[in-house]
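Asker: My structure is stored as entry_19.cif, with mmCIF, C-alpha atoms and all ligand atoms; chains and numbers go by the auth columns.
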```cif
data_input
loop_
_atom_site.group_PDB
_atom_site.id
_atom_site.type_symbol
_atom_site.label_atom_id
_atom_site.label_comp_id
_atom_site.label_asym_id
_atom_site.label_seq_id
_atom_site.Cartn_x
_atom_site.Cartn_y
_atom_site.Cartn_z
_atom_site.B_iso_or_equiv
_atom_site.auth_seq_id
_atom_site.auth_asym_id
ATOM 1 C CA MET A 1 -61.806 1.795 52.195 0.00 10 A
ATOM 2 C CA ARG A 2 -63.466 -1.081 50.365 0.00 11 A
ATOM 3 C CA THR A 3 -67.141 -0.203 50.328 0.00 12 A
ATOM 4 C CA VAL A 4 -69.840 -2.574 49.122 0.00 13 A
ATOM 5 C CA ILE A 5 -73.438 -1.622 48.335 0.00 14 A
ATOM 6 C CA VAL A 6 -75.875 -4.460 48.990 0.00 15 A
ATOM 7 C CA VAL A 7 -79.314 -3.968 47.484 0.00 16 A
ATOM 8 C CA TYR A 8 -82.570 -5.900 47.337 0.00 17 A
ATOM 9 C CA SER A 9 -84.756 -4.884 44.423 0.00 18 A
ATOM 10 C CA ARG A 10 -87.828 -6.791 43.282 0.00 19 A
ATOM 11 C CA SER A 11 -88.798 -4.517 40.412 0.00 20 A
ATOM 12 C CA GLY A 12 -85.592 -2.617 39.657 0.00 21 A
ATOM 13 C CA ARG A 13 -86.144 0.800 41.277 0.00 22 A
ATOM 14 C CA SER A 14 -83.814 0.337 44.239 0.00 23 A
ATOM 15 C CA LEU A 15 -81.281 -1.271 41.901 0.00 24 A
ATOM 16 C CA ARG A 16 -81.211 1.903 39.776 0.00 25 A
ATOM 17 C CA ILE A 17 -80.520 3.991 42.881 0.00 26 A
ATOM 18 C CA ALA A 18 -77.801 1.516 43.937 0.00 27 A
ATOM 19 C CA GLU A 19 -76.144 1.821 40.520 0.00 28 A
ATOM 20 C CA MET A 20 -76.169 5.633 40.717 0.00 29 A
ATOM 21 C CA LEU A 21 -74.699 5.476 44.194 0.00 30 A
ATOM 22 C CA ALA A 22 -72.049 2.954 43.150 0.00 31 A
ATOM 23 C CA ALA A 23 -70.951 5.267 40.337 0.00 32 A
ATOM 24 C CA ARG A 24 -70.603 8.166 42.795 0.00 33 A
ATOM 25 C CA THR A 25 -68.843 6.306 45.620 0.00 34 A
ATOM 26 C CA ASN A 26 -66.674 3.809 43.689 0.00 35 A
ATOM 27 C CA ALA A 27 -68.375 1.075 45.707 0.00 36 A
ATOM 28 C CA ARG A 28 -68.835 -2.492 44.484 0.00 37 A
ATOM 29 C CA LEU A 29 -72.425 -3.643 44.047 0.00 38 A
ATOM 30 C CA CYS A 30 -73.974 -6.893 45.317 0.00 39 A
ATOM 31 C CA ARG A 31 -77.613 -7.980 45.071 0.00 40 A
ATOM 32 C CA ILE A 32 -79.783 -9.840 47.534 0.00 41 A
ATOM 33 C CA ASP A 33 -81.530 -12.709 45.786 0.00 42 A
ATOM 34 C CA CYS A 34 -84.757 -13.992 47.295 0.00 43 A
ATOM 35 C CA PRO A 35 -86.720 -16.381 45.059 0.00 44 A
ATOM 36 C CA ARG A 36 -89.618 -16.439 47.575 0.00 45 A
ATOM 37 C CA TYR A 37 -90.935 -13.108 46.253 0.00 46 A
ATOM 38 C CA ARG A 38 -90.771 -13.716 42.522 0.00 47 A
ATOM 39 C CA GLY A 39 -93.943 -13.505 40.440 0.00 48 A
ATOM 40 C CA PHE A 40 -97.487 -12.669 41.499 0.00 49 A
ATOM 41 C CA ARG A 41 -97.610 -15.288 44.267 0.00 50 A
ATOM 42 C CA GLY A 42 -94.335 -13.873 45.511 0.00 51 A
ATOM 43 C CA TRP A 43 -95.884 -10.395 45.612 0.00 52 A
ATOM 44 C CA LEU A 44 -98.744 -11.714 47.800 0.00 53 A
ATOM 45 C CA ARG A 45 -96.255 -13.562 50.005 0.00 54 A
ATOM 46 C CA GLY A 46 -94.267 -10.331 50.283 0.00 55 A
ATOM 47 C CA TRP A 47 -97.185 -8.420 51.772 0.00 56 A
ATOM 48 C CA ARG A 48 -98.006 -11.229 54.189 0.00 57 A
ATOM 49 C CA ASP A 49 -94.392 -11.753 55.290 0.00 58 A
ATOM 50 C CA ALA A 50 -93.741 -8.009 55.658 0.00 59 A
ATOM 51 C CA ARG A 51 -96.787 -7.618 57.911 0.00 60 A
ATOM 52 C CA ARG A 52 -95.832 -10.640 60.018 0.00 61 A
ATOM 53 C CA GLY A 53 -92.150 -9.727 60.266 0.00 62 A
ATOM 54 C CA TYR A 54 -91.077 -13.017 58.640 0.00 63 A
ATOM 55 C CA LEU A 55 -87.388 -13.095 57.615 0.00 64 A
ATOM 56 C CA PRO A 56 -86.816 -15.203 54.446 0.00 65 A
ATOM 57 C CA GLU A 57 -83.767 -17.126 53.235 0.00 66 A
ATOM 58 C CA ILE A 58 -81.528 -14.956 51.054 0.00 67 A
ATOM 59 C CA ASP A 59 -78.386 -15.179 48.951 0.00 68 A
ATOM 60 C CA VAL A 60 -76.045 -12.280 48.266 0.00 69 A
ATOM 61 C CA VAL A 61 -74.724 -12.318 44.699 0.00 70 A
ATOM 62 C CA PRO A 62 -71.811 -11.972 44.283 0.00 71 A
ATOM 63 C CA GLU A 63 -70.701 -12.640 47.854 0.00 72 A
ATOM 64 C CA ILE A 64 -69.872 -9.544 49.903 0.00 73 A
ATOM 65 C CA GLY A 65 -66.272 -10.759 50.227 0.00 74 A
ATOM 66 C CA ALA A 66 -63.591 -8.361 51.422 0.00 75 A
ATOM 67 C CA ALA A 67 -65.267 -5.138 52.560 0.00 76 A
ATOM 68 C CA ASP A 68 -64.581 -2.491 55.187 0.00 77 A
ATOM 69 C CA LEU A 69 -67.974 -0.808 55.002 0.00 78 A
ATOM 70 C CA LEU A 70 -71.451 -1.517 53.708 0.00 79 A
ATOM 71 C CA ILE A 71 -74.261 0.601 52.304 0.00 80 A
ATOM 72 C CA LEU A 72 -77.616 -1.195 52.287 0.00 81 A
ATOM 73 C CA GLY A 73 -80.718 -0.425 50.274 0.00 82 A
ATOM 74 C CA GLY A 74 -84.057 -1.693 49.056 0.00 83 A
ATOM 75 C CA PRO A 75 -87.789 -1.081 48.985 0.00 84 A
ATOM 76 C CA VAL A 76 -90.207 -0.362 51.808 0.00 85 A
ATOM 77 C CA TRP A 77 -92.847 -3.075 52.193 0.00 86 A
ATOM 78 C CA ALA A 78 -95.797 -2.569 54.511 0.00 87 A
ATOM 79 C CA GLY A 79 -94.033 0.392 56.088 0.00 88 A
ATOM 80 C CA ARG A 80 -90.758 -1.369 56.929 0.00 89 A
ATOM 81 C CA PHE A 81 -87.644 -2.410 55.045 0.00 90 A
ATOM 82 C CA ALA A 82 -88.517 -5.332 52.724 0.00 91 A
ATOM 83 C CA PRO A 83 -88.052 -8.728 54.422 0.00 92 A
ATOM 84 C CA PRO A 84 -85.025 -9.801 52.303 0.00 93 A
ATOM 85 C CA LEU A 85 -83.185 -6.645 53.373 0.00 94 A
ATOM 86 C CA ARG A 86 -84.253 -7.192 56.974 0.00 95 A
ATOM 87 C CA SER A 87 -82.859 -10.758 56.765 0.00 96 A
ATOM 88 C CA LEU A 88 -79.462 -9.255 55.953 0.00 97 A
ATOM 89 C CA MET A 89 -79.806 -6.515 58.600 0.00 98 A
ATOM 90 C CA ASP A 90 -80.560 -9.234 61.130 0.00 99 A
ATOM 91 C CA LYS A 91 -76.978 -10.497 60.607 0.00 100 A
ATOM 92 C CA ALA A 92 -75.444 -7.033 61.160 0.00 101 A
ATOM 93 C CA ASN A 93 -73.236 -8.279 64.000 0.00 102 A
ATOM 94 C CA ARG A 94 -71.455 -10.600 61.559 0.00 103 A
ATOM 95 C CA LEU A 95 -71.159 -8.037 58.738 0.00 104 A
ATOM 96 C CA PRO A 96 -68.810 -5.115 58.088 0.00 105 A
ATOM 97 C CA PRO A 97 -70.193 -1.883 59.614 0.00 106 A
ATOM 98 C CA VAL A 98 -73.114 -0.290 57.789 0.00 107 A
ATOM 99 C CA VAL A 99 -72.566 3.432 57.110 0.00 108 A
ATOM 100 C CA GLY A 100 -75.757 4.329 55.278 0.00 109 A
ATOM 101 C CA VAL A 101 -79.110 2.977 54.129 0.00 110 A
ATOM 102 C CA PHE A 102 -81.397 3.952 51.272 0.00 111 A
ATOM 103 C CA ALA A 103 -85.021 3.021 50.725 0.00 112 A
ATOM 104 C CA THR A 104 -87.425 3.410 47.816 0.00 113 A
ATOM 105 C CA ARG A 105 -91.183 3.500 48.255 0.00 114 A
ATOM 106 C CA ASN A 106 -94.385 4.505 46.476 0.00 115 A
ATOM 107 C CA ARG A 107 -95.566 7.165 48.862 0.00 116 A
ATOM 108 C CA ILE A 108 -93.963 9.728 51.107 0.00 117 A
ATOM 109 C CA ASN A 109 -94.711 8.281 54.490 0.00 118 A
ATOM 110 C CA SER A 110 -93.181 8.520 57.915 0.00 119 A
ATOM 111 C CA THR A 111 -89.786 6.857 58.210 0.00 120 A
ATOM 112 C CA LEU A 112 -90.503 6.188 61.886 0.00 121 A
ATOM 113 C CA PRO A 113 -91.249 2.435 61.373 0.00 122 A
ATOM 114 C CA LEU A 114 -87.722 2.103 59.889 0.00 123 A
ATOM 115 C CA GLU A 115 -86.099 3.487 63.024 0.00 124 A
ATOM 116 C CA ALA A 116 -85.823 0.217 64.972 0.00 125 A
ATOM 117 C CA ASP A 117 -83.807 -1.431 62.161 0.00 126 A
ATOM 118 C CA LEU A 118 -81.661 1.693 61.690 0.00 127 A
ATOM 119 C CA MET A 119 -80.887 1.898 65.397 0.00 128 A
ATOM 120 C CA ALA A 120 -79.910 -1.791 65.514 0.00 129 A
ATOM 121 C CA LEU A 121 -77.555 -1.259 62.539 0.00 130 A
ATOM 122 C CA ALA A 122 -76.035 1.845 64.117 0.00 131 A
ATOM 123 C CA ALA A 123 -75.518 -0.039 67.389 0.00 132 A
ATOM 124 C CA ALA A 124 -73.490 -2.692 65.520 0.00 133 A
ATOM 125 C CA GLY A 125 -71.437 -0.019 63.720 0.00 134 A
ATOM 126 C CA PRO A 126 -68.468 2.194 64.608 0.00 135 A
ATOM 127 C CA THR A 127 -70.566 5.151 65.922 0.00 136 A
ATOM 128 C CA PRO A 128 -73.392 3.543 67.914 0.00 137 A
ATOM 129 C CA ASP A 129 -74.708 6.858 69.284 0.00 138 A
ATOM 130 C CA GLU A 130 -75.061 8.607 65.943 0.00 139 A
ATOM 131 C CA PRO A 131 -78.088 8.165 63.672 0.00 140 A
ATOM 132 C CA LEU A 132 -77.350 6.277 60.474 0.00 141 A
ATOM 133 C CA PRO A 133 -77.688 8.366 57.290 0.00 142 A
ATOM 134 C CA LEU A 134 -80.943 7.407 55.537 0.00 143 A
ATOM 135 C CA LEU A 135 -82.018 8.291 52.002 0.00 144 A
ATOM 136 C CA SER A 136 -85.740 7.667 51.527 0.00 145 A
ATOM 137 C CA LEU A 137 -87.051 8.196 48.002 0.00 146 A
ATOM 138 C CA ALA A 138 -90.718 8.192 47.028 0.00 147 A
ATOM 139 C CA ARG A 139 -91.760 7.022 43.575 0.00 148 A
ATOM 140 C CA ARG A 140 -92.259 10.474 42.061 0.00 149 A
ATOM 141 C CA THR A 141 -88.752 11.554 43.062 0.00 150 A
ATOM 142 C CA LEU A 142 -87.065 8.359 41.890 0.00 151 A
ATOM 143 C CA ARG A 143 -86.604 9.494 38.318 0.00 152 A
ATOM 144 C CA GLY A 144 -85.422 12.830 37.087 0.00 153 A
ATOM 145 C CA ALA A 145 -83.358 15.644 38.530 0.00 154 A
ATOM 146 C CA ALA A 146 -84.775 15.518 42.070 0.00 155 A
ATOM 147 C CA GLY A 147 -83.795 11.847 42.480 0.00 156 A
ATOM 148 C CA THR A 148 -80.332 12.391 41.014 0.00 157 A
ATOM 149 C CA LYS A 149 -79.762 15.363 43.347 0.00 158 A
ATOM 150 C CA ALA A 150 -80.910 13.389 46.390 0.00 159 A
ATOM 151 C CA VAL A 151 -78.512 10.539 45.529 0.00 160 A
ATOM 152 C CA GLU A 152 -75.672 13.020 45.003 0.00 161 A
ATOM 153 C CA ARG A 153 -76.305 14.651 48.392 0.00 162 A
ATOM 154 C CA PHE A 154 -76.413 11.226 50.042 0.00 163 A
ATOM 155 C CA ALA A 155 -73.121 10.240 48.365 0.00 164 A
ATOM 156 C CA GLU A 156 -71.556 13.520 49.556 0.00 165 A
ATOM 157 C CA ARG A 157 -72.719 12.813 53.090 0.00 166 A
ATOM 158 C CA LEU A 158 -71.125 9.369 52.982 0.00 167 A
ATOM 159 C CA ALA A 159 -67.978 10.542 51.193 0.00 168 A
ATOM 160 C CA PRO A 160 -65.838 11.178 54.314 0.00 169 A
ATOM 161 C CA LEU A 161 -66.406 7.531 55.312 0.00 170 A
ATOM 162 C CA VAL A 162 -66.200 5.725 52.009 0.00 171 A
ATOM 163 C CA SER A 163 -63.553 7.733 50.167 0.00 172 A
ATOM 164 C CA ARG A 164 -60.674 5.581 49.087 0.00 173 A
ATOM 165 C CA ARG A 165 -57.450 6.085 50.919 0.00 174 A
ATOM 166 C CA LYS A 166 -55.035 7.779 48.522 0.00 175 A
ATOM 167 C CA LEU A 167 -51.821 5.963 47.686 0.00 176 A
ATOM 168 C CA PRO A 168 -48.753 7.755 49.005 0.00 177 A
ATOM 169 C CA ALA A 169 -46.983 9.734 46.296 0.00 178 A
ATOM 170 C CA LEU A 170 -44.089 7.795 44.770 0.00 179 A
ATOM 171 C CA LEU A 171 -40.693 9.128 45.776 0.00 180 A
ATOM 172 C CA PRO A 172 -38.498 10.044 42.836 0.00 181 A
ATOM 173 C CA LEU A 173 -35.839 7.398 42.202 0.00 182 A
ATOM 174 C CA GLN A 174 -32.447 8.507 43.488 0.00 183 A
ATOM 175 C CA ALA A 175 -29.750 8.826 40.880 0.00 184 A
ATOM 176 C CA ALA A 176 -27.132 6.102 41.287 0.00 185 A
HETATM 177 C C1 LIG B . -95.153 -6.404 49.005 0.00 201 A
HETATM 178 C C2 LIG B . -94.997 -4.900 48.775 0.00 201 A
HETATM 179 C C3 LIG B . -95.316 -4.012 49.802 0.00 201 A
HETATM 180 C C4 LIG B . -95.151 -2.623 49.616 0.00 201 A
HETATM 181 N N1 LIG B . -95.437 -1.750 50.641 0.00 201 A
HETATM 182 C C5 LIG B . -95.253 -0.412 50.470 0.00 201 A
HETATM 183 C C6 LIG B . -95.513 0.509 51.552 0.00 201 A
HETATM 184 O O1 LIG B . -95.877 0.143 52.661 0.00 201 A
HETATM 185 N N2 LIG B . -95.329 1.857 51.312 0.00 201 A
HETATM 186 C C7 LIG B . -94.914 2.333 50.099 0.00 201 A
HETATM 187 O O2 LIG B . -94.789 3.547 49.946 0.00 201 A
HETATM 188 N N3 LIG B . -94.645 1.476 49.068 0.00 201 A
HETATM 189 C C8 LIG B . -94.791 0.130 49.217 0.00 201 A
HETATM 190 N N4 LIG B . -94.512 -0.746 48.209 0.00 201 A
HETATM 191 C C9 LIG B . -93.964 -0.213 46.945 0.00 201 A
HETATM 192 C C10 LIG B . -92.444 -0.337 46.866 0.00 201 A
HETATM 193 O O3 LIG B . -91.811 0.083 48.068 0.00 201 A
HETATM 194 C C11 LIG B . -91.891 0.544 45.737 0.00 201 A
HETATM 195 O O4 LIG B . -92.528 0.269 44.538 0.00 201 A
HETATM 196 C C12 LIG B . -90.375 0.362 45.597 0.00 201 A
HETATM 197 O O5 LIG B . -89.812 1.485 44.962 0.00 201 A
HETATM 198 C C13 LIG B . -90.031 -0.888 44.795 0.00 201 A
HETATM 199 O O6 LIG B . -88.635 -1.054 44.809 0.00 201 A
HETATM 200 P P1 LIG B . -87.908 -2.149 43.912 0.00 201 A
HETATM 201 O O7 LIG B . -88.264 -1.813 42.469 0.00 201 A
HETATM 202 O O8 LIG B . -86.482 -1.943 44.170 0.00 201 A
HETATM 203 O O9 LIG B . -88.425 -3.498 44.289 0.00 201 A
HETATM 204 C C14 LIG B . -94.671 -2.125 48.371 0.00 201 A
HETATM 205 C C15 LIG B . -94.352 -3.041 47.335 0.00 201 A
HETATM 206 C C16 LIG B . -94.521 -4.407 47.547 0.00 201 A
HETATM 207 C C17 LIG B . -94.143 -5.371 46.431 0.00 201 A
#
```
What would you get if you wrote out this structure as structure tokens?
Answerer:
Amino acid sequence: MRTVIVVYSRSGRSLRIAEMLAARTNARLCRIDCPRYRGFRGWLRGWRDARRGYLPEIDVVPEIGAADLLILGGPVWAGRFAPPLRSLMDKANRLPPVVGVFATRNRINSTLPLEADLMALAAAGPTPDEPLPLLSLARRTLRGAAGTKAVERFAERLAPLVSRRKLPALLPLQAA
């Protein structure tokens, strides 16, 4: 299976998680670019947009290209997935199926406000009735052993879906 991780990361934390996950799943990594939220003005715009549910223009770099499955990730803003990630999720019907989502955040809060987006992604995927695996990491667990363990457990949970199909064993050449 060709699995691609698509991450939005404004300040690098979600990107670090994406890189750890990519190393453990053999997935390719793409980033969501969203110039609207760069710099201090961008930070203010981020809060306003997240509260209003505004979905910004985004680019995915490099392009997602050939993929069988996607894993999405990024920060929580104002209680929900950050708007650039929600812009991508909004196109779920035109994307390869999403098999897992990870989120980074400052505080340990309820993941309930994320449910609507997760349910919409699951509905567009191969198992619409099953909840989508979610890894939600608060700031104090992002670094260190606890974070690494959480990422490993998440990768193990996704492994049956994303594991590469093994090549059939080569038959020994027959003697002429
Ligand atoms: C505009 C904005 C809104 C945020 N809202 C929340 C929030 O509601 N809850 C929370 O725990 N953290 C919130 N954060 C903090 C980020 O979720 C957290 O720092 C995250 O790990 C950053 O990920 P990144 O480095 O990949 O951008 C917010 C950050 C920004 C910039």
Asker: Residues at most 9 Å from Arg116 (chain A), counting all atoms listed in the file, excluding those fewer than 2 positions away in the same chain, as a CSV table (one decimal) with C-alpha atoms, keeping the file's coordinate frame?
Answerer:
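Saved as out29.csv:
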```
chain,number,residue,atom,x,y,z
A,114,ARG,CA,-91.2,3.5,48.3
A,118,ASN,CA,-94.7,8.3,54.5
A,146,LEU,CA,-87.1,8.2,48.0
A,147,ALA,CA,-90.7,8.2,47.0
A,148,ARG,CA,-91.8,7.0,43.6
A,149,ARG,CA,-92.3,10.5,42.1
```
Asker: Return as a list of chain:residue names the residues of protein, DNA or RNA that approach ligand LIG 201 (chain A) to within 6 Å, with only C-alpha atoms and all ligand atoms taken into account.
Answerer: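 Those residues are A:Ser18, A:Arg19, A:Ser20, A:Gly21, A:Arg22, A:Ser23, A:Leu24, A:Trp52, A:Gly55, A:Trp56, A:Gly83, A:Pro84, A:Val85, A:Trp86, A:Ala87, A:Gly88, A:Thr113, A:Arg114, A:Asn115, A:Arg116.
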Asker: Let me make sure I understand: among A:Asn35, A:Thr136, A:Arg60, A:Asp42, which one has the smallest atom-to-atom distance to Pro122 (chain A) if we use all atoms listed in the file?
Answerer: A:Arg60
Asker: Please compute the CA of Leu127 (chain A)-CA of Ala154 (chain A) distance, one decimal, in Å.
Answerer: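 Distance reported for this atom pair: 27.1 Å.
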Asker: If you measure from CA of Leu79 (chain A) to CA of Ala91 (chain A), what distance in Å do you get, rounded to one decimal?
Answerer: 17.5 Å
Asker: Quick one, how far is CA of Leu151 (chain A) from CA of Pro105 (chain A)?
Answerer: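 Spanning CA of Leu151 (chain A) to CA of Pro105 (chain A) is a straight-line distance of 27.9 Å.
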Asker: What do you get, as a PyMOL selection string, if you spell out every residue that the PyMOL selection byres (((chain A and resi 128) around 12) and not hetatm) selects here?
Answerer: chain A and resi 98-99+101+107-110+121-127+129-134+136-143
Asker: A:Ala168, A:Leu104, A:Ala155, A:Leu30: which is nearest Ala75 (chain A), counting only C-alpha atoms?
Answerer: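 Nearest candidate to Ala75 (chain A) out of A:Ala168, A:Leu104, A:Ala155, A:Leu30: A:Leu104.
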Asker: For Leu94 (chain A), which of A:Gly82, A:Gly48, A:Gly62, A:Pro169 is the closest residue, counting only C-alpha atoms?
Answerer: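 Selected residue with least distance to Leu94 (chain A): A:Gly82.
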Asker: Written as a PyMOL selection string, which residues does the PyMOL selection byres (((chain A and resi 72) around 10) and not hetatm) give for the file shown?
Answerer: chain A and resi 15+38-41+68-71+73-75
Asker: Mind writing the picked residues with C-alpha atoms as a PDB file, keeping the file's coordinate frame?
Answerer:
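Listed below is the output, again_38.pdb:
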```pdb
ATOM      1  CA  VAL A  15     -75.875  -4.460  48.990  1.00  0.00           C
ATOM      2  CA  LEU A  38     -72.425  -3.643  44.047  1.00  0.00           C
ATOM      3  CA  CYS A  39     -73.974  -6.893  45.317  1.00  0.00           C
ATOM      4  CA  ARG A  40     -77.613  -7.980  45.071  1.00  0.00           C
ATOM      5  CA  ILE A  41     -79.783  -9.840  47.534  1.00  0.00           C
ATOM      6  CA  ASP A  68     -78.386 -15.179  48.951  1.00  0.00           C
ATOM      7  CA  VAL A  69     -76.045 -12.280  48.266  1.00  0.00           C
ATOM      8  CA  VAL A  70     -74.724 -12.318  44.699  1.00  0.00           C
ATOM      9  CA  PRO A  71     -71.811 -11.972  44.283  1.00  0.00           C
ATOM     10  CA  ILE A  73     -69.872  -9.544  49.903  1.00  0.00           C
ATOM     11  CA  GLY A  74     -66.272 -10.759  50.227  1.00  0.00           C
ATOM     12  CA  ALA A  75     -63.591  -8.361  51.422  1.00  0.00           C
TER      13      ALA A  75
END
```
Asker: Could you give me the axis-aligned bounding box of region 103-110 of chain A, with 3 Å of padding per side, as centre plus edge lengths in Å to one decimal, as JSON?
Answerer:
```
{"center_x": -74.0, "center_y": -3.1, "center_z": 57.8, "size_x": 16.3, "size_y": 20.9, "size_z": 13.4}
```
Asker: Kindly add N, CA and C atoms to the incomplete region 91-116 of chain A and provide the output as a compact mmCIF listing (two decimals), in the frame of the given file.
Answerer:
```
# COMPACT_ATOMS: atom_id res chain seq x y z
N ALA A 91 -88.04 -4.06 53.28
CA ALA A 91 -88.52 -5.33 52.72
C ALA A 91 -87.85 -6.51 53.45
N PRO A 92 -88.59 -7.60 53.65
CA PRO A 92 -88.05 -8.73 54.42
C PRO A 92 -86.68 -9.23 53.97
N PRO A 93 -86.38 -9.32 52.66
CA PRO A 93 -85.02 -9.80 52.30
C PRO A 93 -83.91 -8.90 52.84
N LEU A 94 -84.19 -7.58 52.84
CA LEU A 94 -83.18 -6.64 53.37
C LEU A 94 -83.11 -6.79 54.89
N ARG A 95 -84.25 -7.02 55.52
CA ARG A 95 -84.25 -7.19 56.97
C ARG A 95 -83.53 -8.49 57.36
N SER A 96 -83.60 -9.51 56.49
CA SER A 96 -82.86 -10.76 56.76
C SER A 96 -81.36 -10.47 56.84
N LEU A 97 -80.89 -9.61 55.93
CA LEU A 97 -79.46 -9.26 55.95
C LEU A 97 -79.15 -8.39 57.18
N MET A 98 -80.03 -7.41 57.45
CA MET A 98 -79.81 -6.52 58.60
C MET A 98 -79.76 -7.31 59.90
N ASP A 99 -80.51 -8.40 59.94
CA ASP A 99 -80.56 -9.23 61.13
C ASP A 99 -79.19 -9.85 61.46
N LYS A 100 -78.32 -9.91 60.43
CA LYS A 100 -76.98 -10.50 60.61
C LYS A 100 -75.93 -9.41 60.81
N ALA A 101 -76.37 -8.18 61.13
CA ALA A 101 -75.44 -7.03 61.16
C ALA A 101 -74.21 -7.27 62.03
N ASN A 102 -74.38 -8.04 63.10
CA ASN A 102 -73.24 -8.28 64.00
C ASN A 102 -72.11 -9.07 63.32
N ARG A 103 -72.47 -9.79 62.26
CA ARG A 103 -71.46 -10.60 61.56
C ARG A 103 -71.04 -9.96 60.23
N LEU A 104 -71.47 -8.72 60.00
CA LEU A 104 -71.16 -8.04 58.74
C LEU A 104 -70.22 -6.86 58.99
N PRO A 105 -69.56 -6.37 57.93
CA PRO A 105 -68.81 -5.12 58.09
C PRO A 105 -69.79 -4.01 58.50
N PRO A 106 -69.29 -2.94 59.15
CA PRO A 106 -70.19 -1.88 59.61
C PRO A 106 -70.98 -1.23 58.47
N VAL A 107 -72.24 -0.94 58.77
CA VAL A 107 -73.11 -0.29 57.79
C VAL A 107 -73.03 1.22 58.02
N VAL A 108 -72.74 1.98 56.94
CA VAL A 108 -72.57 3.43 57.11
C VAL A 108 -73.72 4.25 56.53
N GLY A 109 -74.62 3.60 55.83
CA GLY A 109 -75.76 4.33 55.28
C GLY A 109 -76.77 3.36 54.70
N VAL A 110 -78.03 3.82 54.65
CA VAL A 110 -79.11 2.98 54.13
C VAL A 110 -79.99 3.83 53.22
N PHE A 111 -80.42 3.24 52.10
CA PHE A 111 -81.40 3.95 51.27
C PHE A 111 -82.62 3.07 51.05
N ALA A 112 -83.76 3.75 50.90
CA ALA A 112 -85.02 3.02 50.72
C ALA A 112 -85.82 3.68 49.61
N THR A 113 -86.49 2.86 48.80
CA THR A 113 -87.42 3.41 47.82
C THR A 113 -88.82 2.95 48.21
N ARG A 114 -89.80 3.77 47.84
CA ARG A 114 -91.18 3.50 48.26
C ARG A 114 -92.14 4.19 47.30
N ASN A 115 -93.42 3.85 47.35
CA ASN A 115 -94.38 4.50 46.48
C ASN A 115 -94.77 5.87 47.00
N ARG A 116 -95.04 5.92 48.29
CA ARG A 116 -95.57 7.16 48.86
C ARG A 116 -94.56 7.77 49.84
```
